[in-house]
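Chemist: Sharing start.txt below, compact mmCIF, C-alpha atoms:
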# COMPACT_ATOMS: atom_id res chain seq x y z
CA MET A 200 98.58 74.48 195.49
CA TYR A 201 97.07 77.92 194.94
CA ILE A 202 97.60 81.66 195.43
CA GLU A 203 95.13 83.67 197.52
CA PRO A 204 95.47 87.11 195.89
CA HIS A 205 93.14 89.04 198.21
CA ALA A 206 92.70 88.25 201.91
CA HIS A 207 92.47 90.53 204.94
CA MET A 208 94.41 88.45 207.41
CA VAL A 209 94.68 91.18 210.06
CA SER A 210 91.05 90.26 210.81
CA ARG A 211 91.68 86.51 210.97
CA THR A 212 93.03 84.22 213.64
CA THR A 213 96.27 82.28 213.35
CA ASP A 214 94.14 79.14 213.00
CA ASP A 215 93.09 80.45 209.61
CA TYR A 216 96.70 80.57 208.43
CA GLU A 217 96.98 76.91 209.39
CA LYS A 218 93.78 76.05 207.48
CA LEU A 219 95.02 77.94 204.43
CA ALA A 220 98.35 76.13 204.53
CA ILE A 221 96.67 72.74 204.85
CA ALA A 222 94.42 73.63 201.89
CA GLY A 223 97.48 74.32 199.73
CA CYS A 224 97.83 78.10 199.89
CA GLU A 225 101.38 78.97 198.91
CA VAL A 226 101.16 82.76 198.68
CA LEU A 227 98.76 85.26 200.14
CA CYS A 228 98.32 88.94 199.26
CA GLU A 229 96.68 91.43 201.61
CA PRO A 230 95.39 94.77 200.33
CA ALA A 231 95.00 97.60 202.82
CA PHE A 232 91.35 98.12 203.68
CA TRP A 233 88.80 99.09 206.30
CA ALA A 234 89.22 97.28 209.60
CA GLY A 235 85.50 97.21 210.42
CA PHE A 236 85.70 100.58 212.12
CA ASP A 237 87.06 104.05 211.27
CA ARG A 238 90.52 104.72 212.60
CA SER A 239 90.70 107.90 214.65
CA SER A 240 94.03 109.21 213.43
CA PRO A 241 96.70 108.76 210.77
CA ALA A 242 98.77 107.12 213.49
CA GLY A 243 96.26 104.28 213.43
CA PHE A 244 97.15 103.72 209.78
CA TYR A 245 100.86 103.94 210.53
CA ASP A 246 100.45 101.01 212.90
CA TYR A 247 98.26 99.20 210.36
CA PHE A 248 100.90 99.59 207.65
CA ARG A 249 103.51 98.21 210.08
CA GLN A 250 101.21 95.29 210.79
CA LEU A 251 100.88 94.60 207.05
CA THR A 252 104.58 94.94 206.26
CA GLU A 253 106.19 93.52 209.40
CA TYR A 254 103.90 91.34 211.49
CA GLU A 255 101.67 89.49 209.01
CA PRO A 256 104.58 88.22 206.85
CA LYS A 257 106.09 86.66 209.97
CA ARG A 258 102.75 85.15 211.07
CA ALA A 259 102.21 83.67 207.60
CA ALA A 260 105.78 82.37 207.36
CA LYS A 261 105.20 80.14 210.39
CA PHE A 262 102.89 78.12 208.15
CA GLY A 263 105.06 78.23 205.05
CA ILE A 264 102.94 80.91 203.37
CA LYS A 265 104.53 83.94 201.70
CA HIS A 266 102.67 87.14 202.60
CA TYR A 267 102.63 90.23 200.37
CA CYS A 268 100.60 93.42 200.76
CA TRP A 269 99.22 96.47 198.99
CA LEU A 270 99.03 99.92 200.62
CA CYS A 271 96.56 102.82 200.49
CA ILE A 272 93.83 104.53 202.44
CA ASN A 273 90.71 102.57 201.60
CA PRO A 274 87.66 104.25 200.03
CA LYS A 275 85.47 103.79 203.12
CA GLU A 276 87.76 106.12 205.07
CA ALA A 277 88.58 108.39 202.12
CA ASP A 278 85.50 110.62 202.16
CA ASP A 279 87.35 113.07 204.44
CA PRO A 280 90.04 114.31 202.03
CA VAL A 281 92.13 116.09 204.68
CA PHE A 282 92.36 112.92 206.75
CA ALA A 283 92.92 110.80 203.64
CA ARG A 284 95.83 112.94 202.46
CA GLU A 285 97.47 112.77 205.89
CA VAL A 286 97.33 108.99 205.63
CA MET A 287 98.58 109.05 202.03
CA ALA A 288 101.59 111.05 203.18
CA LEU A 289 102.62 108.03 205.28
CA ILE A 290 102.57 105.58 202.38
CA PRO A 291 105.85 106.44 200.60
CA ARG A 292 107.94 105.50 203.62
CA PHE A 293 106.51 101.95 203.40
CA LEU A 294 106.68 101.50 199.63
CA ASP A 295 110.27 100.25 199.73
CA CYS A 296 109.43 97.43 202.13
CA PRO A 297 110.29 94.10 200.47
CA THR A 298 106.76 92.67 200.54
CA VAL A 299 104.83 95.68 199.24
CA LEU A 300 103.48 94.95 195.75
CA GLY A 301 101.62 98.12 194.86
CA ILE A 302 98.76 100.50 195.63
CA GLY A 303 95.44 99.00 196.74
CA GLU A 304 92.73 98.39 197.34
CA ILE A 305 91.72 101.83 196.19
CA GLY A 306 88.56 102.99 194.47
CA LEU A 307 85.05 103.97 195.49
CA ASN A 308 82.63 103.02 198.24
CA LYS A 309 79.55 105.27 198.05
CA ASN A 310 80.63 106.98 194.82
CA THR A 311 81.29 110.38 196.38
CA ARG A 312 83.27 113.28 194.96
CA ASN A 313 85.91 113.04 197.66
CA GLU A 314 86.33 109.29 197.23
CA LEU A 315 86.90 109.88 193.53
CA ALA A 316 89.48 112.61 194.19
CA ILE A 317 91.46 110.43 196.59
CA PHE A 318 91.18 107.49 194.19
CA GLU A 319 92.67 109.66 191.44
CA GLU A 320 95.57 110.71 193.68
CA HIS A 321 96.30 107.06 194.48
CA VAL A 322 96.40 106.18 190.78
CA GLN A 323 98.85 109.00 190.20
CA LEU A 324 101.02 107.79 193.10
CA ALA A 325 101.10 104.30 191.60
CA MET A 326 102.00 105.63 188.17
CA ASP A 327 104.73 107.87 189.58
CA ARG A 328 106.26 104.76 191.21
CA ASN A 329 105.45 102.37 188.33
CA LEU A 330 103.46 100.15 190.70
CA PRO A 331 100.57 97.76 189.99
CA ILE A 332 97.13 98.84 191.17
CA LEU A 333 94.40 96.83 192.90
CA ILE A 334 90.95 98.44 192.73
CA HIS A 335 87.95 97.77 194.96
CA THR A 336 84.51 98.20 193.42
CA PRO A 337 81.57 99.19 195.63
CA HIS A 338 79.08 96.86 197.23
CA LEU A 339 75.62 95.80 196.09
CA GLU A 340 73.55 98.60 194.58
CA ASP A 341 76.56 100.90 194.27
CA LYS A 342 78.73 98.51 192.22
CA LEU A 343 77.35 99.23 188.75
CA LYS A 344 77.71 102.99 189.06
CA GLY A 345 81.02 102.72 190.89
CA THR A 346 82.50 100.48 188.23
CA ARG A 347 81.46 102.91 185.51
CA LEU A 348 82.96 105.87 187.42
CA THR A 349 86.12 103.83 188.01
CA LEU A 350 86.54 103.04 184.32
CA GLU A 351 85.86 106.66 183.37
CA LEU A 352 88.53 107.89 185.79
CA LEU A 353 91.13 105.35 184.68
CA ALA A 354 90.49 106.31 181.05
CA THR A 355 91.74 109.83 181.82
CA PHE A 356 95.23 108.41 182.54
CA SER A 357 96.56 108.04 179.02
CA GLN A 358 99.87 106.54 180.17
CA LEU A 359 98.30 103.93 182.47
CA GLU A 360 99.29 100.35 181.62
CA ARG A 361 95.96 98.58 181.84
CA SER A 362 97.59 95.18 182.23
CA LYS A 363 98.97 96.39 185.58
CA VAL A 364 95.51 97.12 187.00
CA VAL A 365 93.14 94.58 188.54
CA ILE A 366 89.56 95.64 189.21
CA ASP A 367 88.18 93.43 191.93
CA HIS A 368 84.76 92.21 193.07
CA VAL A 369 83.30 92.06 189.56
CA GLU A 370 79.91 90.45 189.08
CA GLU A 371 77.85 89.52 186.04
CA HIS A 372 76.74 93.11 185.40
CA THR A 373 80.26 94.59 185.54
CA ILE A 374 82.72 91.95 184.32
CA ALA A 375 82.35 92.62 180.59
CA GLN A 376 83.07 96.34 180.92
CA VAL A 377 86.23 95.66 182.93
CA LEU A 378 87.62 92.99 180.61
CA ASP A 379 86.64 94.85 177.44
CA ALA A 380 88.61 97.88 178.69
CA GLY A 381 91.74 95.73 178.98
CA TYR A 382 92.02 95.40 182.76
CA TRP A 383 92.32 92.28 184.88
CA ALA A 384 89.18 91.35 186.82
CA GLY A 385 88.90 89.74 190.24
CA MET A 386 85.96 87.62 191.34
CA THR A 387 85.44 87.64 195.10
CA LEU A 388 83.87 84.56 196.65
CA TYR A 389 81.90 85.95 199.55
CA PRO A 390 78.74 84.87 201.36
CA HIS A 391 75.58 86.95 200.75
CA SER A 392 77.29 89.62 198.64
CA LYS A 393 79.74 89.75 195.76
CA CYS A 394 79.92 86.31 194.15
CA SER A 395 79.34 82.63 194.90
CA SER A 396 81.56 79.82 193.66
CA SER A 397 78.86 78.70 191.24
CA ARG A 398 78.53 82.16 189.70
CA ALA A 399 82.30 82.65 189.52
CA ILE A 400 82.56 79.42 187.53
CA ASP A 401 79.70 80.59 185.30
CA MET A 402 81.67 83.76 184.55
CA LEU A 403 84.79 81.71 183.83
CA GLU A 404 82.80 79.62 181.37
CA LEU A 405 81.32 82.70 179.72
CA TYR A 406 84.35 84.99 179.59
CA GLY A 407 87.34 82.65 179.64
CA SER A 408 90.20 82.81 182.11
CA GLU A 409 92.70 85.04 180.34
CA ARG A 410 92.62 88.02 182.73
CA LEU A 411 90.63 86.68 185.68
CA TRP A 412 91.48 85.62 189.19
CA MET A 413 89.39 84.58 192.17
CA ASN A 414 89.85 85.38 195.85
CA SER A 415 88.13 85.08 199.21
CA ALA A 416 88.71 88.63 200.51
CA CYS A 417 88.20 87.04 203.93
CA ASP A 418 87.98 89.89 206.40
CA TRP A 419 86.26 91.01 209.60
CA GLY A 420 82.82 90.14 208.22
CA VAL A 421 81.17 86.77 207.75
CA SER A 422 83.51 85.29 205.16
CA ASP A 423 85.43 82.14 204.34
CA PRO A 424 89.22 82.00 204.08
CA LEU A 425 88.83 78.65 202.29
CA ALA A 426 86.51 80.03 199.61
CA VAL A 427 89.09 79.54 196.84
CA PRO A 428 89.76 75.85 197.52
CA ARG A 429 86.01 75.29 197.87
CA CYS A 430 85.55 76.84 194.43
CA MET A 431 88.34 74.61 193.11
CA LEU A 432 86.28 71.64 194.33
CA GLU A 433 83.17 72.89 192.55
CA MET A 434 85.18 73.43 189.36
CA LYS A 435 86.20 69.79 189.58
CA GLN A 436 82.58 68.74 190.16
CA ARG A 437 81.64 70.73 187.05
CA GLN A 438 84.24 68.84 185.04
CA HIS A 439 86.84 71.60 184.69
CA SER A 440 90.24 70.04 184.10
CA ALA A 441 93.02 70.11 186.64
CA ALA A 442 94.95 72.36 184.26
CA ALA A 443 92.04 74.81 184.00
CA ILE A 444 91.74 74.96 187.78
CA GLU A 445 95.47 75.52 188.19
CA GLN A 446 95.34 78.26 185.58
CA ILE A 447 92.77 80.36 187.45
CA VAL A 448 94.01 79.85 191.02
CA TYR A 449 97.76 79.78 190.44
CA HIS A 450 99.11 80.79 187.04
CA ASN A 451 96.82 83.78 186.56
CA PRO A 452 97.49 85.48 189.90
CA ARG A 453 101.20 84.66 189.50
CA LYS A 454 101.22 86.30 186.06
CA PHE A 455 99.57 89.50 187.27
CA LEU A 456 101.43 89.74 190.56
CA SER A 457 104.80 89.07 188.92
CA GLN A 458 104.51 92.52 187.38
CA SER A 459 105.86 93.61 190.74
CA PRO A 460 109.55 92.67 190.85
CA ARG A 461 109.08 91.98 194.57
CA PHE A 462 106.71 89.08 193.91
CA VAL A 463 108.90 85.98 194.02
CA LEU A 464 107.67 82.40 194.20
CA MET B 171 81.32 70.54 180.18
CA PRO B 172 78.55 68.85 182.22
CA THR B 173 75.17 68.15 180.66
CA LYS B 174 71.92 69.70 181.86
CA GLN B 175 71.13 66.39 183.57
CA GLU B 176 74.46 66.40 185.38
CA LEU B 177 73.98 69.98 186.55
CA LEU B 178 70.52 69.11 187.83
CA ASP B 179 71.98 66.16 189.71
CA LEU B 180 74.65 68.42 191.19
CA GLN B 181 72.68 71.54 192.11
CA PHE B 182 68.89 71.08 191.91
CA ILE B 183 68.31 70.45 195.62
CA GLU B 184 70.39 73.49 196.60
CA VAL B 185 68.57 75.78 194.16
CA ARG B 186 65.18 74.35 195.16
CA HIS B 187 66.03 75.26 198.74
CA LYS B 188 66.94 78.83 197.73
CA LEU B 189 63.75 79.27 195.71
CA ILE B 190 61.61 78.17 198.64
CA GLU B 191 63.49 80.62 200.87
CA VAL B 192 62.53 83.44 198.46
CA ALA B 193 58.89 82.36 198.53
CA ALA B 194 58.91 82.12 202.31
CA PHE B 195 60.49 85.57 202.61
CA LEU B 196 57.78 87.14 200.43
CA ASP B 197 55.07 85.38 202.50
CA ARG B 198 56.74 86.56 205.71
CA ILE B 199 56.88 90.17 204.60
CA ASP B 200 53.24 90.07 203.46
CA ARG B 201 51.84 88.75 206.74
CA HIS B 202 53.76 91.05 209.06
CA PRO B 203 52.57 94.54 210.00
CA GLY B 204 53.96 97.84 208.79
CA ALA B 205 54.95 99.10 205.39
CA ALA B 206 57.61 97.55 203.19
CA ASP B 207 60.21 99.86 201.71
CA PHE B 208 62.01 100.29 198.39
CA ARG B 209 63.91 97.04 198.87
CA TYR B 210 60.73 94.96 198.69
CA ALA B 211 59.65 96.87 195.60
CA ALA B 212 63.05 96.19 194.05
CA LEU B 213 62.67 92.46 194.72
CA GLN B 214 59.23 92.47 193.14
CA ALA B 215 60.63 94.20 190.09
CA ALA B 216 63.50 91.72 189.79
CA ILE B 217 61.57 88.47 190.21
CA PRO B 218 59.88 88.52 186.75
CA ILE B 219 63.37 88.52 185.21
CA LEU B 220 63.71 84.93 186.46
CA LEU B 221 60.82 83.87 184.22
CA SER B 222 62.16 85.57 181.10
CA ALA B 223 63.96 83.67 178.36
CA ARG B 224 66.97 86.02 178.23
CA PRO B 225 70.37 84.34 178.60
CA ASP B 226 71.63 86.88 181.16
CA ARG B 227 69.06 86.73 183.94
CA THR B 228 71.76 87.10 186.60
CA SER B 229 72.97 90.37 185.13
CA GLY B 230 69.36 91.46 184.71
CA VAL B 231 68.59 90.92 188.39
CA LEU B 232 71.80 92.71 189.42
CA GLN B 233 70.91 95.61 187.13
CA ALA B 234 67.41 95.78 188.61
CA LEU B 235 68.94 96.07 192.10
CA SER B 236 71.49 98.73 191.09
CA ASP B 237 71.73 102.50 191.34
CA HIS B 238 71.51 103.79 187.78
CA SER B 239 72.35 107.42 188.51
CA HIS B 240 75.43 108.80 186.81
CA GLU B 241 77.08 111.49 188.91
CA THR B 242 79.13 111.29 192.09
CA ILE B 243 77.26 112.31 195.24
CA PRO B 244 78.46 115.18 197.45
CA LYS B 245 78.88 113.17 200.66
CA ALA B 246 78.36 109.64 201.91
CA VAL B 247 75.37 109.42 204.24
CA ILE B 248 76.13 105.83 205.23
CA GLN B 249 79.23 103.67 204.73
CA GLY B 250 77.44 100.45 203.92
CA ALA B 251 75.09 99.37 201.16
CA LEU B 252 71.43 98.34 201.35
CA GLY B 253 71.16 95.96 198.42
CA ALA B 254 68.76 98.01 196.31
CA ALA B 255 68.85 101.58 195.08
CA ARG B 256 66.85 103.94 197.23
CA PRO B 257 64.53 106.10 195.12
CA ALA B 258 65.94 109.58 194.65
CA GLU B 259 63.05 111.32 196.42
CA ASP B 260 63.70 109.29 199.62
CA SER B 261 67.29 110.30 200.13
CA ASP B 262 70.29 112.15 198.87
CA LEU B 263 71.86 108.72 198.28
CA GLY B 264 70.28 108.42 194.90
CA LYS B 265 70.58 112.04 193.81
CA ALA B 266 73.02 113.26 191.26
CA GLY B 267 75.76 115.37 192.80
Show me, as structure tokens, the structure contained in the file I just sent.

Modeler:
Amino acid sequence: MYIEPHAHMVSRTTDDYEKLAIAGCEVLCEPAFWAGFDRSSPAGFYDYFRQLTEYEPKRAAKFGIKHYCWLCINPKEADDPVFAREVMALIPRFLDCPTVLGIGEIGLNKNTRNELAIFEEHVQLAMDRNLPILIHTPHLEDKLKGTRLTLELLATFSQLERSKVVIDHVEEHTIAQVLDAGYWAGMTLYPHSKCSSSRAIDMLELYGSERLWMNSACDWGVSDPLAVPRCMLEMKQRQHSAAAIEQIVYHNPRKFLSQSPRFVL
Amino acid sequence: MPTKQELLDLQFIEVRHKLIEVAAFLDRIDRHPGAADFRYAALQAAIPILLSARPDRTSGVLQALSDHSHETIPKAVIQGALGAARPAEDSDLGKAG
């Protein structure tokens, strides 16, 4: 039994829900993100938010999986601030939906000025509504700089509860800064970029499991919806106890996500 | 916690395979025509970190393949990432904003 705290199921087939259920996935959380292409209008996001709040929970429920989501305009489509603010104006009407946990996945993509401005406005929206925040950190060569800019921006919000913020896609060169600043950190198990199972377990061994979770982020790209259970297997092969495995894949995400009163197991 | 011997039993063949893939990639680049770009130079700069005795080689390699500039950039030129920081003189991507 485990929780998948970050999966982009709009990009996956219904077969994947079945595989997840067979593998023991009890709950799945889906942050709003890029769909592999730029949407041409805010109406495209309106439909996407309906898909996240109405359709995917029903599709997941057919396999006994609870589906929750996070809402935002993602950083890849946030470099046009006029467009981004039109999309942001749609978000409040969805925030009262029963499966919406918070604002995410927000943050930076190419570390631009406009991305940072829209990121800041999302953080303010979350704080105004007392919602948890899920933050994306950039890919590959942009991650180190993007993580630093992210932490600098968050530090300007003096009233921000750091325990209600998870900074995702950490790797070995960014995890210490995130944890030292008091935030939760997410390790994304993803082929060719982000983090492998072996490296995620290394980070667990080095930094402990207190404010860490792991996820597959399975999306439209080459990715594996079963990455978390595969990592659970490698943890077992590396002699991690059943209790330690359960802590990282179940109790930790449950603890963070339960900060939203809507998250019910 | 597994011993060194147990980790070798578990993962040596997989890592051996990956190391040979790196060697083969370098050979492949060298024998093909044209000029390599900043990504090849970044790989060459990162590989010596593997031979160092530091306890954080993974972080070292990631740092070597990262953009170390500090300021936001004015506008995204591409949406994706290339895996190594492009030198500032090649593109606005690496320039301070």

Chemist: Between B:Val247, B:Ser229, B:Ala234, B:Leu220, which has the minimum distance to chain A (counting all atoms listed in the file)?

Modeler: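 Ranking B:Val247, B:Ser229, B:Ala234, B:Leu220 by distance to chain A, first place goes to B:Ser229.
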
Chemist: Any idea what the distance is between atom CA of Ser210 of chain A and atom CA of Arg410 of chain A?

Modeler: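 Separation of atom CA of Ser210 of chain A and atom CA of Arg410 of chain A: 28.2 Å.
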
Chemist: List every protein, DNA or RNA residue that has at least one atom no more than 12 Å from (73.0, 86.1, 187.6) in the file's coordinates, counting all atoms listed in the file, and write the result as number ranges by chain.

Modeler: A: 370-374, 393-395, 397-402, 405; B: 216-217, 219-220, 224-235

Chemist: Take atom CA of Arg256 of chain B and atom CA of Phe208 of chain B and report the distance between them in Å, one decimal.

Modeler: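 Between atom CA of Arg256 of chain B and atom CA of Phe208 of chain B the gap works out to 6.2 Å.
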
Chemist: May I ask for the distance between atom CA of Phe262 of chain A and atom CA of Phe462 of chain A, given in Å to one decimal place?

Modeler: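 Atom CA of Phe262 of chain A sits 18.4 Å away from atom CA of Phe462 of chain A.
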
Chemist: Residues of chain A within 7 Å of chain B, counting only C-alpha atoms, what are they? List them as a list in words.

Modeler: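 The selection requested is Lys275, Lys309, Asn310, Thr311, Arg312, His338, Leu339, Glu340, Asp341, Leu343, Lys344, Glu371, His372, Arg437 and Gln438 of chain A.
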
Chemist: Using all atoms listed in the file, pick whichever of A:Gly301, A:Ile264, A:Phe282, A:His205 has the shortest atom-to-atom distance to Ser239 of chain A.

Modeler: A:Phe282

Chemist: Calculated over all atoms listed in the file, which of the candidates A:Arg284, A:Lys435, A:Arg429, A:Arg361 has the smallest distance to Leu388 of chain A?

Modeler: A:Arg429

Chemist: So that I can see what lies close to Ile447 of chain A, please list as a PyMOL selection string the residues with an atom at most 6 Å from it, counting only C-alpha atoms and leaving out residues fewer than 3 positions away in the same chain.

Modeler: chain A and resi 412+444+451

Chemist: Between A:Lys265, A:Ile272, A:Cys296, A:Cys224, single out the one closest to Tyr247 of chain A, counting all atoms listed in the file.

Modeler: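 Distance minimum relative to Tyr247 of chain A lands on A:Ile272.
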
Chemist: Can you tell me which residues surround His368 of chain A at a distance of at most 7 Å, considering only C-alpha atoms, apart from same-chain residues fewer than 4 positions away, and format the answer as a PyMOL selection string?

Modeler: chain A and resi 335-336+385-387+393

Chemist: Kindly save the residues from that selection, with C-alpha atoms included, as a PDB file, keeping the file's coordinate frame.

Modeler:
ATOM      1  CA  HIS A 335      87.950  97.770 194.960  1.00  0.00           C
ATOM      2  CA  THR A 336      84.510  98.200 193.420  1.00  0.00           C
ATOM      3  CA  GLY A 385      88.900  89.740 190.240  1.00  0.00           C
ATOM      4  CA  MET A 386      85.960  87.620 191.340  1.00  0.00           C
ATOM      5  CA  THR A 387      85.440  87.640 195.100  1.00  0.00           C
ATOM      6  CA  LYS A 393      79.740  89.750 195.760  1.00  0.00           C
TER       7      LYS A 393
END

Chemist: Near Arg461 of chain A, within 9 Å and counting all atoms listed in the file, which residues show up once chain neighbours fewer than 4 positions away are dropped, as a ChimeraX atom specification?

Modeler: /A:267,297-300,456-457

Chemist: Considering all atoms listed in the file, state which residue in the set A:Phe318, A:Phe455, A:Phe356, A:Tyr389 is at the smallest distance from Pro424 of chain A.

Modeler: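 Among A:Phe318, A:Phe455, A:Phe356, A:Tyr389, it is A:Tyr389 that comes nearest to Pro424 of chain A.
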
Chemist: Name all residues at most 9 Å from Val421 of chain A (count only C-alpha atoms; drop same-chain ones fewer than 2 positions away) and give them as a PyMOL selection string.

Modeler: chain A and resi 389-391+417-419+423

Chemist: Some atoms are absent from segment 220-234 of chain B, so rebuild N, CA and C atoms and return them as a PDB file, in the frame of the given file.

Modeler:
ATOM      1  N   LEU B 220      63.422  86.362 186.363  1.00  0.00           N
ATOM      2  CA  LEU B 220      63.710  84.930 186.460  1.00  0.00           C
ATOM      3  C   LEU B 220      62.910  84.125 185.450  1.00  0.00           C
ATOM      4  N   LEU B 221      61.709  84.614 185.116  1.00  0.00           N
ATOM      5  CA  LEU B 221      60.820  83.870 184.220  1.00  0.00           C
ATOM      6  C   LEU B 221      61.043  84.218 182.755  1.00  0.00           C
ATOM      7  N   SER B 222      61.916  85.162 182.490  1.00  0.00           N
ATOM      8  CA  SER B 222      62.160  85.570 181.100  1.00  0.00           C
ATOM      9  C   SER B 222      63.067  84.543 180.422  1.00  0.00           C
ATOM     10  N   ALA B 223      63.143  84.627 179.128  1.00  0.00           N
ATOM     11  CA  ALA B 223      63.960  83.670 178.360  1.00  0.00           C
ATOM     12  C   ALA B 223      65.342  84.222 178.058  1.00  0.00           C
ATOM     13  N   ARG B 224      65.666  85.411 178.540  1.00  0.00           N
ATOM     14  CA  ARG B 224      66.970  86.020 178.230  1.00  0.00           C
ATOM     15  C   ARG B 224      68.100  85.162 178.797  1.00  0.00           C
ATOM     16  N   PRO B 225      69.258  85.183 178.150  1.00  0.00           N
ATOM     17  CA  PRO B 225      70.370  84.340 178.600  1.00  0.00           C
ATOM     18  C   PRO B 225      71.179  84.948 179.745  1.00  0.00           C
ATOM     19  N   ASP B 226      70.846  86.195 180.112  1.00  0.00           N
ATOM     20  CA  ASP B 226      71.630  86.880 181.160  1.00  0.00           C
ATOM     21  C   ASP B 226      70.733  87.317 182.302  1.00  0.00           C
ATOM     22  N   ARG B 227      69.977  86.375 182.848  1.00  0.00           N
ATOM     23  CA  ARG B 227      69.060  86.730 183.940  1.00  0.00           C
ATOM     24  C   ARG B 227      69.817  87.240 185.160  1.00  0.00           C
ATOM     25  N   THR B 228      70.999  86.682 185.409  1.00  0.00           N
ATOM     26  CA  THR B 228      71.760  87.100 186.600  1.00  0.00           C
ATOM     27  C   THR B 228      72.115  88.584 186.479  1.00  0.00           C
ATOM     28  N   SER B 229      72.639  88.959 185.332  1.00  0.00           N
ATOM     29  CA  SER B 229      72.970  90.370 185.130  1.00  0.00           C
ATOM     30  C   SER B 229      71.711  91.228 185.201  1.00  0.00           C
ATOM     31  N   GLY B 230      70.606  90.706 184.665  1.00  0.00           N
ATOM     32  CA  GLY B 230      69.360  91.460 184.710  1.00  0.00           C
ATOM     33  C   GLY B 230      68.900  91.737 186.125  1.00  0.00           C
ATOM     34  N   VAL B 231      68.995  90.730 186.985  1.00  0.00           N
ATOM     35  CA  VAL B 231      68.590  90.920 188.390  1.00  0.00           C
ATOM     36  C   VAL B 231      69.535  91.928 189.065  1.00  0.00           C
ATOM     37  N   LEU B 232      70.830  91.778 188.817  1.00  0.00           N
ATOM     38  CA  LEU B 232      71.800  92.710 189.420  1.00  0.00           C
ATOM     39  C   LEU B 232      71.538  94.137 188.937  1.00  0.00           C
ATOM     40  N   GLN B 233      71.216  94.270 187.664  1.00  0.00           N
ATOM     41  CA  GLN B 233      70.910  95.610 187.130  1.00  0.00           C
ATOM     42  C   GLN B 233      69.660  96.178 187.803  1.00  0.00           C
ATOM     43  N   ALA B 234      68.663  95.315 188.000  1.00  0.00           N
ATOM     44  CA  ALA B 234      67.410  95.780 188.610  1.00  0.00           C
ATOM     45  C   ALA B 234      67.622  96.241 190.048  1.00  0.00           C
TER      46      ALA B 234
END
